[in-house]
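Written below as structure tokens is the structure these notes are about.
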Amino acid sequence: MECDGKLDMGSGGILMDIWNKPLYETRLGKAYVGDARDLLKYLPSESVDLVLTSPPFALQRQKEYGNLEQGEYVDWLLSFTSDIRCILKKNGSFVLDLGGAYQKERPVRSLHNYRILIRMCDEQGWRLAEEFFWFNPAKLPSPIEWVNKRKIRVKDAVNTIWWFSKTDFPKADITKVLTLYSERMQVLLQNREKFYKPKKRPSGHDISSHFGENNGGAIPPNLLQIPNTESNSLYLQCCRAVGVKPHPARFPQRLPEFFIEMLTDRGDMVLDFFAGSNTTGAAAEYLGRKWIAFEIERTYLATSAFRFLSRADERVVRALYEKLTSNETTETHKMHRPIQLQLIDV
Ligand SMILES: C[S@@+](CC[C@H](N)C(=O)[O-])C[C@H]1O[C@@H](n2cnc3c(N)ncnc32)[C@H](O)[C@@H]1O
């Protein structure tokens, strides 16, 4: 699939106005309220290094932020991914977090996440660089009918995360995301000769003497164990201060951080076009990357600004929230000037 050049900045009118007035901006990023389908058209071709997002999931039950029926969902999501291909740099990556789901009133899984994967590769020319599984040990059992009541299905505790690219060799460096060596490996590294003899394993795998070298950390697996148990973050404190419900489907910040570190360099551009509470933007800012966020719900994006405050001063938080949410008419964007927020204390 080729880009037809329609994704370039230019045309005037109300959208251009929105583009010139993000709801807020920080030193490295800009957050826009609006439909990603429209806003994506304002990004220049091949301008983004990493697109990382989590769409509204195709769940049975209508979630607060709205979901399409599973049948329509695949086409709907694919209409965005073709535009993403145009704005992504040639060596860029697109990381898509897609939760699984059951079919309506049946203990049978929907195949929508696999259909999306296959159609993106077959019809739009994406490569699947690697699949990741995000294991959230704190995930609650669901659906209650099959798991808790009838006890015929186990707890679904992983999300599939597809890492897509435009070429076979997107920019990537796993040495930036090495993990702590296991205790056993640390002991081995302290005394290689005593604990380790290079030899062929029964599998035929040749473990050479390099195995005992200290590379500064272990290579991470594609199973990312990251609990989603945030309970007293600055974001949550600020939401409580203004009496607004936090976003119901937030990433733990470590999740976007992992991919941003592995797939980009400082100064690169990261986009989340279903930004929600803008965890991706906050992770990018923290790691010194530029970022852009699109979110259709003004309230979600307004509260996301809390992530960039340095502390939860109730008076400041209230004033900021009122400023970002006031006057919800179609002309609202004209009322707001981007607000230069303080950076997170790191
Ligand atoms: C799963 S949530 C993302 C949560 C986010 N990863 C976080 O950490 O907060 C998906 C978001 O996409 C937003 N959304 C749905 N359709 C959209 C559209 N057409 N354009 C922009 N945002 C949209 C929803 O309002 C919702 O906040």
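Quick note on naming: the chains in the structure tokens go A, B, ... in the order shown, residues restart at 1 in each chain, and ligands are numbered from 1 in order of appearance.
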
(request) Show which residues sit within 12 Å of Ser79 (chain A), as number ranges by chain. Count only C-alpha atoms, and ignore same-chain residues fewer than 6 positions away. (result) A: 36-38, 40, 72-73, 85, 116, 119-120, 123-124

Can those selected residues be exported to a file as an mmCIF file, in the first residue's frame so that it contains C-alpha atoms?
```
data_model
loop_
_atom_site.group_PDB
_atom_site.id
_atom_site.type_symbol
_atom_site.label_atom_id
_atom_site.label_comp_id
_atom_site.auth_asym_id
_atom_site.auth_seq_id
_atom_site.Cartn_x
_atom_site.Cartn_y
_atom_site.Cartn_z
ATOM 1 C CA ALA A 36 -7.721 10.876 15.440
ATOM 2 C CA ARG A 37 -9.107 10.160 11.988
ATOM 3 C CA ASP A 38 -9.120 13.912 11.271
ATOM 4 C CA LEU A 40 -3.793 12.233 11.652
ATOM 5 C CA GLU A 72 -17.337 -3.493 12.605
ATOM 6 C CA TYR A 73 -14.352 -3.104 14.865
ATOM 7 C CA ARG A 85 1.691 3.664 7.799
ATOM 8 C CA ILE A 116 -6.531 -7.238 12.635
ATOM 9 C CA ARG A 119 -5.257 -8.025 7.583
ATOM 10 C CA MET A 120 -2.691 -5.352 8.499
ATOM 11 C CA GLU A 123 -3.615 -5.850 2.987
ATOM 12 C CA GLN A 124 -1.506 -2.938 4.227
#
```

(request) Write as an MDAnalysis selection string the residues around ligand 1, taking 10 Å as the cut-off and counting only C-alpha atoms and all ligand atoms. (result) chainID A and resid 32:40 52:57 63:68 76:77 80 97:99 246:253 255:256 272:282 293:301 304

In region 71-223 of chain A, what's alpha helix (DSSP H) per DSSP? Answer as a compact mmCIF listing (two decimals) with N, CA and C atoms, in the first residue's frame?
```
# COMPACT_ATOMS: atom_id res chain seq x y z
N GLY A 71 -17.83 -6.97 15.01
CA GLY A 71 -17.79 -7.13 13.55
C GLY A 71 -17.25 -5.90 12.85
N GLU A 72 -17.76 -4.75 13.26
CA GLU A 72 -17.34 -3.49 12.60
C GLU A 72 -15.95 -3.07 13.06
N TYR A 73 -15.55 -3.60 14.19
CA TYR A 73 -14.35 -3.10 14.86
C TYR A 73 -13.09 -3.24 14.00
N VAL A 74 -12.98 -4.38 13.33
CA VAL A 74 -11.77 -4.65 12.55
C VAL A 74 -11.62 -3.61 11.43
N ASP A 75 -12.71 -3.37 10.70
CA ASP A 75 -12.65 -2.37 9.61
C ASP A 75 -12.35 -0.98 10.17
N TRP A 76 -12.99 -0.67 11.29
CA TRP A 76 -12.81 0.64 11.91
C TRP A 76 -11.33 0.86 12.26
N LEU A 77 -10.72 -0.13 12.91
CA LEU A 77 -9.33 0.04 13.32
C LEU A 77 -8.39 0.09 12.11
N LEU A 78 -8.71 -0.74 11.10
CA LEU A 78 -7.85 -0.75 9.91
C LEU A 78 -7.87 0.59 9.17
N SER A 79 -8.96 1.34 9.33
CA SER A 79 -9.00 2.65 8.65
C SER A 79 -7.97 3.60 9.26
N PHE A 80 -7.59 3.39 10.53
CA PHE A 80 -6.54 4.21 11.14
C PHE A 80 -5.15 3.69 10.78
N THR A 81 -5.01 2.37 10.75
CA THR A 81 -3.65 1.83 10.60
C THR A 81 -3.06 2.14 9.22
N SER A 82 -3.94 2.34 8.21
CA SER A 82 -3.38 2.69 6.90
C SER A 82 -2.80 4.10 6.94
N ASP A 83 -3.44 5.01 7.68
CA ASP A 83 -2.88 6.37 7.82
C ASP A 83 -1.60 6.34 8.65
N ILE A 84 -1.56 5.47 9.64
CA ILE A 84 -0.37 5.37 10.49
C ILE A 84 0.84 4.98 9.63
N ARG A 85 0.59 4.11 8.66
CA ARG A 85 1.69 3.66 7.80
C ARG A 85 2.31 4.85 7.05
N CYS A 86 1.48 5.83 6.71
CA CYS A 86 1.99 7.00 5.97
C CYS A 86 2.81 7.93 6.85
N ILE A 87 2.37 8.13 8.07
CA ILE A 87 3.07 9.14 8.89
C ILE A 87 4.29 8.54 9.62
N HIS A 112 -10.97 -11.24 16.71
CA HIS A 112 -10.76 -9.93 16.10
C HIS A 112 -9.30 -9.47 16.17
N ASN A 113 -8.61 -9.77 17.29
CA ASN A 113 -7.22 -9.27 17.37
C ASN A 113 -6.31 -9.98 16.35
N TYR A 114 -6.62 -11.26 16.07
CA TYR A 114 -5.83 -11.97 15.06
C TYR A 114 -6.22 -11.51 13.65
N ARG A 115 -7.51 -11.23 13.46
CA ARG A 115 -7.94 -10.74 12.14
C ARG A 115 -7.27 -9.40 11.82
N ILE A 116 -7.17 -8.54 12.84
CA ILE A 116 -6.53 -7.24 12.64
C ILE A 116 -5.07 -7.45 12.24
N LEU A 117 -4.39 -8.30 12.98
CA LEU A 117 -2.98 -8.59 12.70
C LEU A 117 -2.80 -9.09 11.26
N ILE A 118 -3.60 -10.07 10.87
CA ILE A 118 -3.42 -10.69 9.56
C ILE A 118 -3.79 -9.71 8.44
N ARG A 119 -4.87 -8.97 8.65
CA ARG A 119 -5.26 -8.02 7.58
C ARG A 119 -4.26 -6.87 7.46
N MET A 120 -3.70 -6.43 8.59
CA MET A 120 -2.69 -5.35 8.50
C MET A 120 -1.50 -5.82 7.67
N CYS A 121 -1.09 -7.06 7.90
CA CYS A 121 0.09 -7.56 7.16
C CYS A 121 -0.27 -7.87 5.71
N ASP A 122 -1.41 -8.55 5.48
CA ASP A 122 -1.77 -8.97 4.12
C ASP A 122 -2.22 -7.81 3.25
N GLU A 123 -3.01 -6.89 3.82
CA GLU A 123 -3.62 -5.85 2.99
C GLU A 123 -2.85 -4.53 3.01
N GLN A 124 -2.15 -4.26 4.12
CA GLN A 124 -1.51 -2.94 4.23
C GLN A 124 0.02 -3.03 4.19
N ILE A 144 -17.27 -12.81 34.34
CA ILE A 144 -17.66 -13.45 35.60
C ILE A 144 -18.43 -14.75 35.36
N GLU A 183 19.32 -14.31 40.23
CA GLU A 183 20.31 -14.54 41.31
C GLU A 183 21.32 -15.61 40.88
N ARG A 184 20.81 -16.65 40.19
CA ARG A 184 21.69 -17.75 39.76
C ARG A 184 22.75 -17.24 38.78
N MET A 185 22.30 -16.38 37.87
CA MET A 185 23.22 -15.84 36.88
C MET A 185 24.25 -14.92 37.53
N GLN A 186 23.80 -14.18 38.54
CA GLN A 186 24.74 -13.29 39.22
C GLN A 186 25.84 -14.10 39.91
N VAL A 187 25.46 -15.23 40.50
CA VAL A 187 26.45 -16.10 41.15
C VAL A 187 27.42 -16.63 40.09
N LEU A 188 26.88 -17.07 38.97
CA LEU A 188 27.71 -17.61 37.88
C LEU A 188 28.70 -16.57 37.36
N LEU A 189 28.21 -15.33 37.24
CA LEU A 189 29.08 -14.27 36.70
C LEU A 189 30.24 -13.96 37.65
N GLN A 190 30.00 -14.19 38.94
CA GLN A 190 31.08 -13.91 39.90
C GLN A 190 32.20 -14.94 39.81
N ARG A 192 32.89 -17.67 36.96
CA ARG A 192 32.53 -18.42 35.75
C ARG A 192 33.13 -19.81 35.73
N GLU A 193 34.45 -19.89 36.08
CA GLU A 193 35.17 -21.17 35.95
C GLU A 193 34.54 -22.24 36.84
N LYS A 194 34.12 -21.80 38.03
CA LYS A 194 33.59 -22.78 38.98
C LYS A 194 32.23 -23.32 38.55
N PHE A 195 31.38 -22.43 38.05
CA PHE A 195 29.99 -22.82 37.84
C PHE A 195 29.63 -23.15 36.40
```

(message) as a VMD selection string, please: the residues near Glu285 (chain A) (cut-off 8 Å, only C-alpha atoms, same-chain neighbours under 6 positions excluded).
(response) chain A and resid 28 to 29 291

Please save C-alpha atoms of the selected residues as a compact mmCIF listing (two decimals), in the first residue's frame.
```txt
# COMPACT_ATOMS: atom_id res chain seq x y z
CA LEU A 28 8.46 18.11 24.43
CA GLY A 29 4.87 17.42 23.50
CA TRP A 291 5.42 13.37 21.68
```

(request) Write down as number ranges by chain the residues of region 83-281 of chain A whose backbone DSSP state falls under strand (DSSP E or B). (result) A: 88-98, 102, 109, 127-135, 158-165, 179, 199-200, 206-207, 218, 223-225, 269-272

(request) Find the residues around Pro141 (chain A) up to 10 Å (only C-alpha atoms counted), leave out those fewer than 3 positions away in its own chain, and share them as a PyMOL selection string. (result) chain A and resi 138+144-148+153-157

Selected residues written out with N, CA and C atoms, as an mmCIF file, in the first residue's frame:
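File written: again-v9.cif
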```cif
data_model
loop_
_atom_site.group_PDB
_atom_site.id
_atom_site.type_symbol
_atom_site.label_atom_id
_atom_site.label_comp_id
_atom_site.auth_asym_id
_atom_site.auth_seq_id
_atom_site.Cartn_x
_atom_site.Cartn_y
_atom_site.Cartn_z
ATOM 1 N N ALA A 138 -2.327 -8.483 38.199
ATOM 2 C CA ALA A 138 -3.395 -7.897 39.028
ATOM 3 C C ALA A 138 -4.739 -7.845 38.290
ATOM 4 N N ILE A 144 -17.272 -12.813 34.343
ATOM 5 C CA ILE A 144 -17.663 -13.445 35.603
ATOM 6 C C ILE A 144 -18.426 -14.746 35.360
ATOM 7 N N GLU A 145 -19.268 -14.757 34.314
ATOM 8 C CA GLU A 145 -20.095 -15.944 34.050
ATOM 9 C C GLU A 145 -19.241 -17.198 33.827
ATOM 10 N N TRP A 146 -18.201 -17.084 33.005
ATOM 11 C CA TRP A 146 -17.401 -18.271 32.658
ATOM 12 C C TRP A 146 -16.303 -18.551 33.674
ATOM 13 N N VAL A 147 -15.767 -17.506 34.275
ATOM 14 C CA VAL A 147 -14.603 -17.700 35.158
ATOM 15 C C VAL A 147 -15.032 -17.905 36.614
ATOM 16 N N ASN A 148 -15.830 -16.988 37.149
ATOM 17 C CA ASN A 148 -16.174 -17.054 38.576
ATOM 18 C C ASN A 148 -17.371 -17.959 38.854
ATOM 19 N N ARG A 153 -13.573 -21.402 32.502
ATOM 20 C CA ARG A 153 -12.454 -20.727 31.832
ATOM 21 C C ARG A 153 -11.558 -20.110 32.900
ATOM 22 N N VAL A 154 -10.235 -20.063 32.605
ATOM 23 C CA VAL A 154 -9.318 -19.460 33.576
ATOM 24 C C VAL A 154 -9.268 -17.950 33.371
ATOM 25 N N LYS A 155 -8.578 -17.302 34.307
ATOM 26 C CA LYS A 155 -8.468 -15.839 34.242
ATOM 27 C C LYS A 155 -7.630 -15.430 33.022
ATOM 28 N N ASP A 156 -8.133 -14.485 32.266
ATOM 29 C CA ASP A 156 -7.432 -13.997 31.076
ATOM 30 C C ASP A 156 -6.519 -12.857 31.535
ATOM 31 N N ALA A 157 -5.227 -13.116 31.651
ATOM 32 C CA ALA A 157 -4.344 -12.129 32.293
ATOM 33 C C ALA A 157 -3.289 -11.548 31.354
#
```

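The space between CA of Pro137 (chain A) and CA of Asn228 (chain A) spans 8.0 Å.
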
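Considering the residues A:Ala302, A:Ile174, A:Leu224, A:Leu234 and counting only C-alpha atoms, Tyr24 (chain A) has its shortest atom-to-atom contact with A:Ala302.
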